[in-house]
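Novice: Data: entry.cif, mmCIF, N, CA and C atoms.
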data_start
#
loop_
_atom_site.label_atom_id
_atom_site.label_comp_id
_atom_site.auth_asym_id
_atom_site.auth_seq_id
_atom_site.Cartn_x
_atom_site.Cartn_y
_atom_site.Cartn_z
N MET A 1 66.47 92.61 -52.69
CA MET A 1 65.27 93.37 -52.52
C MET A 1 65.67 94.79 -52.13
N THR A 2 65.03 95.74 -52.75
CA THR A 2 65.36 97.13 -52.47
C THR A 2 64.29 97.77 -51.60
N ALA A 3 64.55 98.99 -51.17
CA ALA A 3 63.57 99.73 -50.36
C ALA A 3 62.29 99.95 -51.15
N ALA A 4 62.41 100.13 -52.47
CA ALA A 4 61.22 100.33 -53.30
C ALA A 4 60.34 99.08 -53.27
N HIS A 5 60.97 97.89 -53.27
CA HIS A 5 60.20 96.66 -53.19
C HIS A 5 59.48 96.58 -51.84
N LEU A 6 60.15 96.94 -50.78
CA LEU A 6 59.56 96.87 -49.45
C LEU A 6 58.40 97.85 -49.30
N GLU A 7 58.51 99.00 -49.93
CA GLU A 7 57.43 99.99 -49.85
C GLU A 7 56.15 99.45 -50.49
N ARG A 8 56.29 98.64 -51.53
CA ARG A 8 55.11 98.11 -52.21
C ARG A 8 54.42 97.05 -51.36
N VAL A 9 55.15 96.34 -50.52
CA VAL A 9 54.53 95.29 -49.71
C VAL A 9 54.29 95.72 -48.27
N ASP A 10 54.83 96.85 -47.88
CA ASP A 10 54.66 97.33 -46.51
C ASP A 10 53.24 97.83 -46.31
N VAL A 11 52.62 97.43 -45.20
CA VAL A 11 51.27 97.90 -44.87
C VAL A 11 51.28 98.39 -43.43
N PRO A 12 50.41 99.32 -43.11
CA PRO A 12 50.33 99.79 -41.73
C PRO A 12 49.95 98.63 -40.79
N LEU A 13 50.47 98.70 -39.57
CA LEU A 13 50.24 97.63 -38.61
C LEU A 13 48.76 97.35 -38.36
N PRO A 14 47.90 98.36 -38.18
CA PRO A 14 46.48 98.07 -37.96
C PRO A 14 45.86 97.29 -39.13
N GLU A 15 46.27 97.62 -40.33
CA GLU A 15 45.75 96.90 -41.50
C GLU A 15 46.24 95.46 -41.51
N LEU A 16 47.50 95.26 -41.14
CA LEU A 16 48.05 93.90 -41.07
C LEU A 16 47.31 93.08 -40.01
N ILE A 17 47.06 93.68 -38.84
CA ILE A 17 46.35 92.98 -37.78
C ILE A 17 44.93 92.62 -38.23
N ARG A 18 44.25 93.57 -38.87
CA ARG A 18 42.90 93.30 -39.38
C ARG A 18 42.91 92.16 -40.38
N SER A 19 43.89 92.18 -41.27
CA SER A 19 43.99 91.14 -42.28
C SER A 19 44.24 89.77 -41.65
N ILE A 20 45.10 89.72 -40.65
CA ILE A 20 45.38 88.45 -39.96
C ILE A 20 44.14 87.98 -39.21
N ASP A 21 43.42 88.91 -38.57
CA ASP A 21 42.19 88.54 -37.86
C ASP A 21 41.15 87.98 -38.82
N GLU A 22 41.01 88.58 -39.99
CA GLU A 22 40.07 88.09 -41.00
C GLU A 22 40.46 86.69 -41.46
N PHE A 23 41.75 86.50 -41.69
CA PHE A 23 42.23 85.19 -42.14
C PHE A 23 42.01 84.14 -41.05
N THR A 24 42.27 84.49 -39.80
CA THR A 24 42.07 83.56 -38.70
C THR A 24 40.60 83.18 -38.57
N ALA A 25 39.70 84.17 -38.69
CA ALA A 25 38.27 83.88 -38.62
C ALA A 25 37.84 82.96 -39.76
N LEU A 26 38.36 83.20 -40.95
CA LEU A 26 38.03 82.36 -42.10
C LEU A 26 38.54 80.94 -41.88
N LYS A 27 39.76 80.83 -41.34
CA LYS A 27 40.34 79.52 -41.06
C LYS A 27 39.50 78.77 -40.03
N ARG A 28 39.05 79.46 -39.00
CA ARG A 28 38.18 78.83 -37.98
C ARG A 28 36.85 78.38 -38.58
N GLN A 29 36.31 79.20 -39.47
CA GLN A 29 35.05 78.85 -40.13
C GLN A 29 35.22 77.59 -40.97
N HIS A 30 36.31 77.52 -41.73
CA HIS A 30 36.56 76.33 -42.54
C HIS A 30 36.75 75.10 -41.67
N MET A 31 37.46 75.25 -40.55
CA MET A 31 37.69 74.13 -39.64
C MET A 31 36.37 73.65 -39.05
N ALA A 32 35.52 74.59 -38.63
CA ALA A 32 34.22 74.22 -38.07
C ALA A 32 33.37 73.50 -39.10
N THR A 33 33.38 73.99 -40.33
CA THR A 33 32.63 73.34 -41.40
C THR A 33 33.13 71.92 -41.64
N ALA A 34 34.44 71.76 -41.65
CA ALA A 34 35.03 70.43 -41.87
C ALA A 34 34.68 69.48 -40.73
N LEU A 35 34.74 69.98 -39.50
CA LEU A 35 34.41 69.13 -38.35
C LEU A 35 32.94 68.72 -38.37
N LEU A 36 32.06 69.65 -38.70
CA LEU A 36 30.64 69.32 -38.77
C LEU A 36 30.37 68.32 -39.90
N THR A 37 31.05 68.49 -41.01
CA THR A 37 30.89 67.55 -42.13
C THR A 37 31.33 66.16 -41.71
N GLU A 38 32.45 66.07 -41.03
CA GLU A 38 32.95 64.76 -40.58
C GLU A 38 31.99 64.16 -39.56
N GLU A 39 31.44 64.99 -38.67
CA GLU A 39 30.50 64.48 -37.67
C GLU A 39 29.23 63.95 -38.35
N ARG A 40 28.74 64.66 -39.35
CA ARG A 40 27.57 64.18 -40.08
C ARG A 40 27.87 62.86 -40.77
N HIS A 41 29.09 62.73 -41.29
CA HIS A 41 29.49 61.48 -41.95
C HIS A 41 29.51 60.33 -40.94
N GLN A 42 29.99 60.60 -39.73
CA GLN A 42 30.05 59.55 -38.71
C GLN A 42 28.65 59.08 -38.33
N CYS A 43 27.68 59.94 -38.45
CA CYS A 43 26.29 59.61 -38.08
C CYS A 43 25.44 59.25 -39.29
N ASP A 44 26.06 59.01 -40.41
CA ASP A 44 25.33 58.72 -41.64
C ASP A 44 24.53 57.42 -41.49
N PRO A 45 23.20 57.48 -41.58
CA PRO A 45 22.40 56.27 -41.35
C PRO A 45 22.54 55.21 -42.44
N VAL A 46 23.00 55.58 -43.61
CA VAL A 46 23.15 54.59 -44.68
C VAL A 46 24.60 54.19 -44.91
N ASP A 47 25.48 54.60 -44.01
CA ASP A 47 26.90 54.29 -44.19
C ASP A 47 27.15 52.79 -44.19
N ALA A 48 26.49 52.06 -43.32
CA ALA A 48 26.70 50.60 -43.26
C ALA A 48 26.28 49.94 -44.56
N ARG A 49 25.18 50.40 -45.14
CA ARG A 49 24.75 49.84 -46.42
C ARG A 49 25.75 50.17 -47.52
N PHE A 50 26.28 51.40 -47.48
CA PHE A 50 27.28 51.78 -48.48
C PHE A 50 28.54 50.92 -48.34
N ALA A 51 28.98 50.70 -47.10
CA ALA A 51 30.16 49.87 -46.88
C ALA A 51 29.92 48.44 -47.35
N GLY A 52 28.67 47.99 -47.28
CA GLY A 52 28.34 46.65 -47.71
C GLY A 52 28.40 46.46 -49.21
N LEU A 53 28.52 47.53 -49.96
CA LEU A 53 28.61 47.41 -51.42
C LEU A 53 29.92 46.79 -51.86
N ALA A 54 30.95 46.97 -51.05
CA ALA A 54 32.25 46.39 -51.40
C ALA A 54 32.15 44.88 -51.26
N CYS A 55 32.72 44.18 -52.22
CA CYS A 55 32.67 42.72 -52.13
C CYS A 55 34.10 42.18 -52.22
N GLY A 56 34.32 41.13 -51.48
CA GLY A 56 35.64 40.52 -51.49
C GLY A 56 35.85 39.65 -52.72
N CYS A 57 37.09 39.52 -53.11
CA CYS A 57 37.43 38.68 -54.25
C CYS A 57 37.59 37.24 -53.77
N LYS A 58 36.98 36.30 -54.45
CA LYS A 58 37.02 34.90 -54.03
C LYS A 58 38.38 34.26 -54.26
N THR A 59 39.09 34.74 -55.28
CA THR A 59 40.40 34.16 -55.58
C THR A 59 41.48 35.20 -55.34
N ARG A 60 42.64 34.73 -54.93
CA ARG A 60 43.75 35.65 -54.71
C ARG A 60 44.24 36.18 -56.04
N LEU A 61 44.52 37.47 -56.07
CA LEU A 61 44.97 38.08 -57.32
C LEU A 61 46.44 37.83 -57.57
N SER A 62 47.20 37.65 -56.50
CA SER A 62 48.62 37.35 -56.66
C SER A 62 49.08 36.53 -55.46
N VAL A 63 50.17 35.86 -55.65
CA VAL A 63 50.78 35.08 -54.58
C VAL A 63 52.25 35.46 -54.50
N ASP A 64 52.91 35.07 -53.42
CA ASP A 64 54.32 35.43 -53.25
C ASP A 64 55.19 34.94 -54.40
N ASP A 65 54.83 33.81 -55.00
CA ASP A 65 55.63 33.27 -56.12
C ASP A 65 55.59 34.18 -57.34
N ASP A 66 54.57 35.03 -57.43
CA ASP A 66 54.48 35.95 -58.57
C ASP A 66 55.56 37.02 -58.50
N TYR A 67 56.05 37.30 -57.29
CA TYR A 67 57.04 38.36 -57.09
C TYR A 67 58.17 37.81 -56.24
N PRO A 68 59.05 37.02 -56.83
CA PRO A 68 60.12 36.39 -56.04
C PRO A 68 61.02 37.44 -55.38
N GLY A 69 61.27 37.23 -54.10
CA GLY A 69 62.16 38.12 -53.36
C GLY A 69 61.47 39.32 -52.76
N PHE A 70 60.22 39.59 -53.14
CA PHE A 70 59.55 40.79 -52.64
C PHE A 70 59.28 40.70 -51.15
N ALA A 71 58.83 39.54 -50.68
CA ALA A 71 58.55 39.39 -49.24
C ALA A 71 59.82 39.59 -48.42
N ASP A 72 60.95 39.09 -48.93
CA ASP A 72 62.23 39.28 -48.23
C ASP A 72 62.62 40.76 -48.22
N TRP A 73 62.40 41.45 -49.34
CA TRP A 73 62.73 42.86 -49.42
C TRP A 73 61.88 43.66 -48.43
N VAL A 74 60.58 43.35 -48.35
CA VAL A 74 59.70 44.05 -47.43
C VAL A 74 60.17 43.82 -45.99
N ALA A 75 60.52 42.58 -45.66
CA ALA A 75 61.01 42.28 -44.32
C ALA A 75 62.28 43.06 -44.01
N GLN A 76 63.17 43.17 -45.00
CA GLN A 76 64.41 43.92 -44.82
C GLN A 76 64.10 45.41 -44.59
N GLN A 77 63.19 45.97 -45.37
CA GLN A 77 62.84 47.37 -45.21
C GLN A 77 62.20 47.64 -43.85
N GLU A 78 61.36 46.72 -43.39
CA GLU A 78 60.75 46.87 -42.07
C GLU A 78 61.81 46.82 -40.97
N ALA A 79 62.78 45.93 -41.13
CA ALA A 79 63.86 45.83 -40.15
C ALA A 79 64.69 47.11 -40.13
N LEU A 80 64.99 47.65 -41.29
CA LEU A 80 65.75 48.90 -41.37
C LEU A 80 64.96 50.05 -40.74
N ASN A 81 63.67 50.08 -40.99
CA ASN A 81 62.82 51.12 -40.42
C ASN A 81 62.81 51.02 -38.90
N GLU A 82 62.66 49.81 -38.39
CA GLU A 82 62.66 49.60 -36.94
C GLU A 82 64.02 50.00 -36.34
N GLN A 83 65.09 49.65 -37.03
CA GLN A 83 66.44 50.00 -36.56
C GLN A 83 66.61 51.52 -36.53
N TYR A 84 66.13 52.20 -37.56
CA TYR A 84 66.24 53.65 -37.61
C TYR A 84 65.46 54.29 -36.46
N ARG A 85 64.25 53.79 -36.21
CA ARG A 85 63.43 54.37 -35.15
C ARG A 85 64.07 54.18 -33.79
N ARG A 86 64.78 53.08 -33.59
CA ARG A 86 65.43 52.85 -32.29
C ARG A 86 66.64 53.77 -32.09
N THR A 87 67.27 54.19 -33.19
CA THR A 87 68.47 55.03 -33.06
C THR A 87 68.14 56.52 -33.16
N ALA A 88 66.99 56.85 -33.75
CA ALA A 88 66.64 58.27 -33.95
C ALA A 88 66.02 58.86 -32.71
#
Render the structure in this file as C-alpha coordinates.
Specialist:
Amino acid sequence: MTAAHLERVDVPLPELIRSIDEFTALKRQHMATALLTEERHQCDPVDARFAGLACGCKTRLSVDDDYPGFADWVAQQEALNEQYRRTA
(Lines of atoms letter the chains of each structure in order from A and count residues from 1; the text may use other names and numbers.)
(Lines give C-alpha, C1' and ligand atoms only; values in the text may rest on other atoms or scores of the structure.)
Protein backbone atom coordinates (compact mmCIF):
# COMPACT_ATOMS: atom_id res chain seq x y z
CA MET A 1 0.00 0.00 0.00
CA THR A 2 1.35 3.38 -0.93
CA ALA A 3 0.81 6.86 0.48
CA ALA A 4 -1.54 7.55 -2.44
CA HIS A 5 -3.71 4.62 -1.34
CA LEU A 6 -3.80 5.91 2.23
CA GLU A 7 -4.79 9.39 1.09
CA ARG A 8 -7.86 7.97 -0.62
CA VAL A 9 -9.05 6.21 2.53
CA ASP A 10 -7.86 8.75 5.09
CA VAL A 11 -10.64 10.86 6.62
CA PRO A 12 -10.51 13.63 9.19
CA LEU A 13 -10.95 12.44 12.77
CA PRO A 14 -14.23 14.32 13.39
CA GLU A 15 -15.73 12.70 10.30
CA LEU A 16 -14.54 9.27 11.43
CA ILE A 17 -16.05 9.81 14.90
CA ARG A 18 -19.35 10.95 13.37
CA SER A 19 -19.40 7.93 11.10
CA ILE A 20 -18.74 5.54 14.00
CA ASP A 21 -21.43 7.25 16.10
CA GLU A 22 -23.94 6.86 13.26
CA PHE A 23 -23.03 3.20 12.85
CA THR A 24 -23.32 2.59 16.60
CA ALA A 25 -26.75 4.25 16.69
CA LEU A 26 -27.90 2.14 13.74
CA LYS A 27 -26.58 -1.01 15.42
CA ARG A 28 -28.46 -0.14 18.64
CA GLN A 29 -31.63 0.48 16.65
CA HIS A 30 -31.35 -2.90 14.93
CA MET A 31 -30.69 -4.62 18.27
CA ALA A 32 -33.71 -2.93 19.87
CA THR A 33 -35.89 -3.94 16.93
CA ALA A 34 -34.69 -7.54 17.16
CA LEU A 35 -35.27 -7.67 20.92
CA LEU A 36 -38.79 -6.26 20.58
CA THR A 37 -39.55 -8.73 17.79
CA GLU A 38 -38.38 -11.62 19.95
CA GLU A 39 -40.41 -10.33 22.90
CA ARG A 40 -43.54 -10.13 20.74
CA HIS A 41 -42.88 -13.68 19.59
CA GLN A 42 -42.62 -14.87 23.20
CA CYS A 43 -46.03 -13.34 23.91
CA ASP A 44 -47.65 -14.64 20.73
CA PRO A 45 -51.18 -15.74 21.74
CA VAL A 46 -51.44 -18.31 18.93
CA ASP A 47 -47.98 -19.80 19.37
CA ALA A 48 -49.29 -22.85 21.24
CA ARG A 49 -51.75 -23.59 18.45
CA PHE A 50 -48.98 -23.21 15.88
CA ALA A 51 -46.74 -25.59 17.84
CA GLY A 52 -49.62 -28.05 17.93
CA LEU A 53 -49.56 -28.32 14.14
CA ALA A 54 -46.50 -30.53 14.32
CA CYS A 55 -47.42 -34.18 14.56
CA GLY A 56 -45.31 -37.08 15.66
CA CYS A 57 -44.58 -40.02 13.42
CA LYS A 58 -46.21 -43.24 14.64
CA THR A 59 -43.49 -45.48 13.23
CA ARG A 60 -39.75 -45.11 13.58
CA LEU A 61 -38.11 -43.96 10.39
CA SER A 62 -34.86 -45.76 11.11
CA VAL A 63 -33.36 -48.10 13.65
CA ASP A 64 -29.77 -48.73 14.73
CA ASP A 65 -29.62 -51.81 12.49
CA ASP A 66 -30.09 -49.55 9.46
CA TYR A 67 -26.71 -47.93 10.18
CA PRO A 68 -24.37 -50.57 11.61
CA GLY A 69 -21.57 -49.10 13.69
CA PHE A 70 -23.02 -45.60 13.76
CA ALA A 71 -24.01 -45.71 17.44
CA ASP A 72 -20.49 -46.88 18.33
CA TRP A 73 -18.96 -44.09 16.24
CA VAL A 74 -21.16 -41.48 17.94
CA ALA A 75 -20.16 -42.82 21.37
CA GLN A 76 -16.49 -42.66 20.35
CA GLN A 77 -16.84 -39.06 19.12
CA GLU A 78 -18.59 -38.05 22.34
CA ALA A 79 -15.80 -39.64 24.38
CA LEU A 80 -13.15 -37.82 22.35
CA ASN A 81 -15.03 -34.55 22.76
CA GLU A 82 -15.27 -35.06 26.53
CA GLN A 83 -11.57 -35.95 26.68
CA TYR A 84 -10.65 -32.82 24.72
CA ARG A 85 -12.74 -30.60 26.99
CA ARG A 86 -11.04 -32.01 30.08
CA THR A 87 -7.56 -31.30 28.68
CA ALA A 88 -8.29 -27.93 27.03
Novice: What is the distance, in Å and to one decimal place, between CA of Arg40 (chain A) and CA of Gly52 (chain A)?
Specialist: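 If I compute the distance from CA of Arg40 (chain A) to CA of Gly52 (chain A), I get 19.1 Å.
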Novice: How many Å separate atom N of Leu13 (chain A) from atom N of Met31 (chain A)?
Specialist: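 Atom N of Met31 (chain A) lies 26.8 Å from atom N of Leu13 (chain A).
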Novice: So that I can check the secondary structure, give me every residue of chain A assigned helix (DSSP H, G or I) by backbone DSSP, as a PyMOL selection string.
Specialist: chain A and resi 3-9+13-42+47-51+64-66+70-87
Novice: How many Å separate CA of Gln77 (chain A) from atom N of Arg60 (chain A)?
Specialist: 25.7 Å
